[in-house]
Amino acid sequence: MQAEQLLKYDKRFRLEIKNIVRPIPADDEVLVQVKYAAVNPLELLIGTGSVRLIQNYRRPITMGNEFSGRVIAVGNHVTAFHPEEAVYARLPLDHIGAFAEYVVVNQDALALMPTNLDFAHAAAVPLTGLTAYQGLHEELNALPGQRLLIPGGSGSFGQLAIPIAKQMGLNVVVSGNARSRESLLELGVDEYFDYHQVDYWKHLSPVNFVIDTLGKAELAHELAVIKPGGRLLSLRMGPNRQFAVDHDVPMWKKLLFTGAGWALDRQTAKSDVDYRFIFVRSDGQQLKKITRIVEQENIKPALEHQRFSLSEINSALDMVAVGHPKGKVLIKFGEEA
């Protein structure tokens with residue numbers, strides 16, 4: 001089968017297409033024929049080696065973190081999935097490989113696709129949905145009635161984070177673009193700021209939590225609106241000492257993460273804000289809960305209109321890096337949509 005592989009870490013890395021042996025599922029694994037794989041900023045971080053302190057891959061490694069596809073075969077101990085079923089997943093961090101015609105995945109990471117989505121839209125859900133679910137439930141420990149701000153929340157992350165937060169009973173505030181205002185208000189957003197028109201940090205009453213999707217350039221504005229004792233969760237700014245403690249890493253890594261996150265921890269501590277960073281893991285049971293939300297709310301993630309073939313993977317990566325896509329960038333396998 002064909003697969004796109006990373007041969008070495010490099011700031012200007014390119015993936016190479018290789019012919020490799022089709023995998024055979026172990027007892028607890030499922031063999032899936034990939035229909036679509038999503039291309040994410042995470043691929044850029046992996047390829048450049050930026051996250052090797054979190055996960056250092058033995059190379060060559062087949063890349064790709066999330067996908068949708070159809071079950072081909074199951075291992076001897078698999079009872080929840082059957083051939084021909086439509087499934088999707090965020091692959092386990094240490095067992096990625098969605099940029100391939102076939103992938104084997106542990107049954108614990110897998111879920112049946114939402115019934116309201118085709119393969120293309122389904123491939124855009126797992127990584128973002130699990131990030132939102134784990135961020136709200138595990139990193140923020142959010143409670144009903146508390147207030148959450150998502151700067152830059154009009155993108156794909158907000159589409160899934162908002163309905164999850166509303167089901168938890170949170171008051172949700174978003175800053176984003178004008179074209180997404182009405183659709184996100186329909187999802188339940190309580191207050192919306194068009195960032196072209198209004199500076200949210202000048203008008204917003206204090207919130208308990210901020211989920212940062214924009215990075216360090218937005219930090220001062222985010223800290224300005226968080227209540228003392230509140231929490232800032234970032235998808236972009238990088239790990240710190242708390243991340244190392246939560247993930248029980250070796251002491252040498254703990255020291256490195258402490259050093260890397262020192263400036264962030266110092267700045268957030270001055271505002272009496274607890275800083276957290278999330279690196280999402282696979283979880284099939286959580287993905288099932290996200291599936292129900294997607295079906296109930298009839299959520300259809302935004303997709304970049306241009307589709308790429310496996311051989312065009314480097315163009316797809318360039319689109320994610322500098323092309324300003326209008327939604328998730330997808331790799332299409334075969335003719336089925």
# chains A, B, ... in the order shown; residues from 1 in each chain; ligands from 1
call {"tool": "residues_around", "arguments": {"residues": "Val329 of chain A", "least_positions_apart": "2", "cutoff": "6 Å", "atoms": "only C-alpha atoms", "output": "PyMOL selection string"}}
result
chain A and resi 38-39+304
call {"tool": "write_last_selection", "arguments": {"atoms": "all heavy atoms", "output": "tab-separated table (two decimals), in the first residue's frame"}}
result
chain	number	residue	atom	x	y	z
A	38	ALA	N	-7.45	14.02	7.63
A	38	ALA	CA	-7.35	15.47	7.79
A	38	ALA	C	-5.90	15.87	8.02
A	38	ALA	O	-5.12	15.15	8.64
A	38	ALA	CB	-8.21	15.93	8.97
A	39	VAL	N	-5.56	17.03	7.48
A	39	VAL	CA	-4.21	17.59	7.64
A	39	VAL	C	-4.32	18.75	8.62
A	39	VAL	O	-5.11	19.68	8.41
A	39	VAL	CB	-3.64	18.07	6.29
A	39	VAL	CG1	-2.20	18.53	6.45
A	39	VAL	CG2	-3.74	16.96	5.25
A	304	GLU	N	-12.09	22.93	3.76
A	304	GLU	CA	-11.45	23.60	2.63
A	304	GLU	C	-11.96	22.96	1.34
A	304	GLU	O	-12.02	21.73	1.23
A	304	GLU	CB	-9.93	23.49	2.74
A	304	GLU	CG	-9.16	23.87	1.50
A	304	GLU	CD	-9.39	25.31	1.05
A	304	GLU	OE1	-9.57	26.19	1.92
A	304	GLU	OE2	-9.39	25.53	-0.18
call {"tool": "residues_around", "arguments": {"residues": "Ala26 of chain A", "least_positions_apart": "5", "cutoff": "9 Å", "atoms": "only C-alpha atoms", "output": "ChimeraX atom specification"}}
result
/A:74-77,104,106
call {"tool": "closest_atom_pairs", "arguments": {"of": "segment 125-162 of chain A", "to": "segment 203-221 of chain A", "cutoff": "7 Å", "atoms": "only C-alpha atoms", "output": "JSON lines"}}
result
{"residue": "A:Gln146", "atom": "CA", "partner": "A:Asn208", "partner_atom": "CA", "distance": 6.2}
{"residue": "A:Arg147", "atom": "CA", "partner": "A:Val207", "partner_atom": "CA", "distance": 4.9}
{"residue": "A:Leu148", "atom": "CA", "partner": "A:Phe209", "partner_atom": "CA", "distance": 4.8}
{"residue": "A:Leu149", "atom": "CA", "partner": "A:Val210", "partner_atom": "CA", "distance": 4.8}
{"residue": "A:Ile150", "atom": "CA", "partner": "A:Ile211", "partner_atom": "CA", "distance": 5.1}
{"residue": "A:Pro151", "atom": "CA", "partner": "A:Asp212", "partner_atom": "CA", "distance": 6.2}
{"residue": "A:Gly152", "atom": "CA", "partner": "A:Thr213", "partner_atom": "CA", "distance": 6.1}
call {"tool": "write_last_selection", "arguments": {"atoms": "N, CA, C and O atoms", "output": "CSV table (one decimal), in the first residue's frame"}}
result
chain,number,residue,atom,x,y,z
A,146,GLN,N,-20.5,28.8,35.0
A,146,GLN,CA,-19.2,29.5,34.8
A,146,GLN,C,-19.1,30.0,33.4
A,146,GLN,O,-19.8,29.6,32.5
A,147,ARG,N,-18.2,31.0,33.2
A,147,ARG,CA,-18.1,31.8,31.9
A,147,ARG,C,-16.8,31.4,31.2
A,147,ARG,O,-15.7,31.4,31.8
A,148,LEU,N,-16.9,31.2,29.9
A,148,LEU,CA,-15.8,30.7,29.1
A,148,LEU,C,-15.7,31.7,27.9
A,148,LEU,O,-16.7,32.0,27.2
A,149,LEU,N,-14.5,32.1,27.6
A,149,LEU,CA,-14.2,32.9,26.4
A,149,LEU,C,-13.3,32.1,25.4
A,149,LEU,O,-12.3,31.5,25.9
A,150,ILE,N,-13.7,32.1,24.2
A,150,ILE,CA,-12.8,31.4,23.1
A,150,ILE,C,-12.4,32.5,22.1
A,150,ILE,O,-13.2,32.8,21.2
A,151,PRO,N,-11.3,33.1,22.3
A,151,PRO,CA,-10.8,34.1,21.2
A,151,PRO,C,-10.5,33.3,20.0
A,151,PRO,O,-9.9,32.2,20.0
A,152,GLY,N,-10.9,33.8,18.8
A,152,GLY,CA,-10.7,33.1,17.6
A,152,GLY,C,-11.6,31.8,17.5
A,152,GLY,O,-11.3,30.9,16.8
call {"tool": "select_by_dssp", "arguments": {"residues": "segment 67-171 of chain A", "states": "strand (DSSP E or B)", "output": "list in words"}}
result
Phe67, Ser68, Gly69, Arg70, Val71, Ile72, Ala73, Val74, Ala86, Val87, Tyr88, Ala89, Arg90, Ala100, Tyr102, Val103, Val104, Val105, Asn106, Leu110, Ala111, Leu112, Arg147, Leu148, Leu149, Ile150, Pro151 and Asn171 of chain A
call {"tool": "residues_around", "arguments": {"residues": "Gln306 of chain A", "least_positions_apart": "4", "cutoff": "12 Å", "atoms": "only C-alpha atoms", "output": "ChimeraX atom specification"}}
result
/A:120,312,315-316,319-320,323,325-332
call {"tool": "residues_around", "arguments": {"residues": "Ser311 of chain A", "least_positions_apart": "2", "cutoff": "7 Å", "atoms": "only C-alpha atoms", "output": "ChimeraX atom specification"}}
result
/A:17,309,313
call {"tool": "residues_around", "arguments": {"residues": "Gln55 of chain A", "least_positions_apart": "6", "cutoff": "12 Å", "atoms": "only C-alpha atoms", "output": "MDAnalysis selection string"}}
result
chainID A and resid 42 45:47 49 92:96 247 249 253 279 281
call {"tool": "write_last_selection", "arguments": {"atoms": "C-alpha atoms", "output": "PDB file, in the first residue's frame"}}
result
ATOM      1  CA  LEU A  42      -0.112  19.162  14.435  1.00  0.00           C
ATOM      2  CA  LEU A  45       4.751  20.461  14.650  1.00  0.00           C
ATOM      3  CA  ILE A  46       5.610  16.776  14.328  1.00  0.00           C
ATOM      4  CA  GLY A  47       7.523  17.181  11.063  1.00  0.00           C
ATOM      5  CA  GLY A  49      10.444  18.142  15.558  1.00  0.00           C
ATOM      6  CA  PRO A  92      -3.094   7.151  19.461  1.00  0.00           C
ATOM      7  CA  LEU A  93      -0.187   9.547  19.811  1.00  0.00           C
ATOM      8  CA  ASP A  94       2.380   6.766  19.621  1.00  0.00           C
ATOM      9  CA  HIS A  95       0.650   4.968  16.729  1.00  0.00           C
ATOM     10  CA  ILE A  96      -0.197   7.587  14.103  1.00  0.00           C
ATOM     11  CA  HIS A 247       1.768  13.541  32.189  1.00  0.00           C
ATOM     12  CA  VAL A 249       7.243  12.563  32.519  1.00  0.00           C
ATOM     13  CA  LYS A 253      11.798  16.270  30.772  1.00  0.00           C
ATOM     14  CA  PHE A 279      -1.964  17.795  23.759  1.00  0.00           C
ATOM     15  CA  ARG A 281      -5.025  11.933  23.222  1.00  0.00           C
TER      16      ARG A 281
END
call {"tool": "closest_residue", "arguments": {"among": "A:Leu256, A:Leu303, A:Leu127, A:Val172", "to": "Glu43 of chain A", "atoms": "only C-alpha atoms"}}
result
A:Leu127
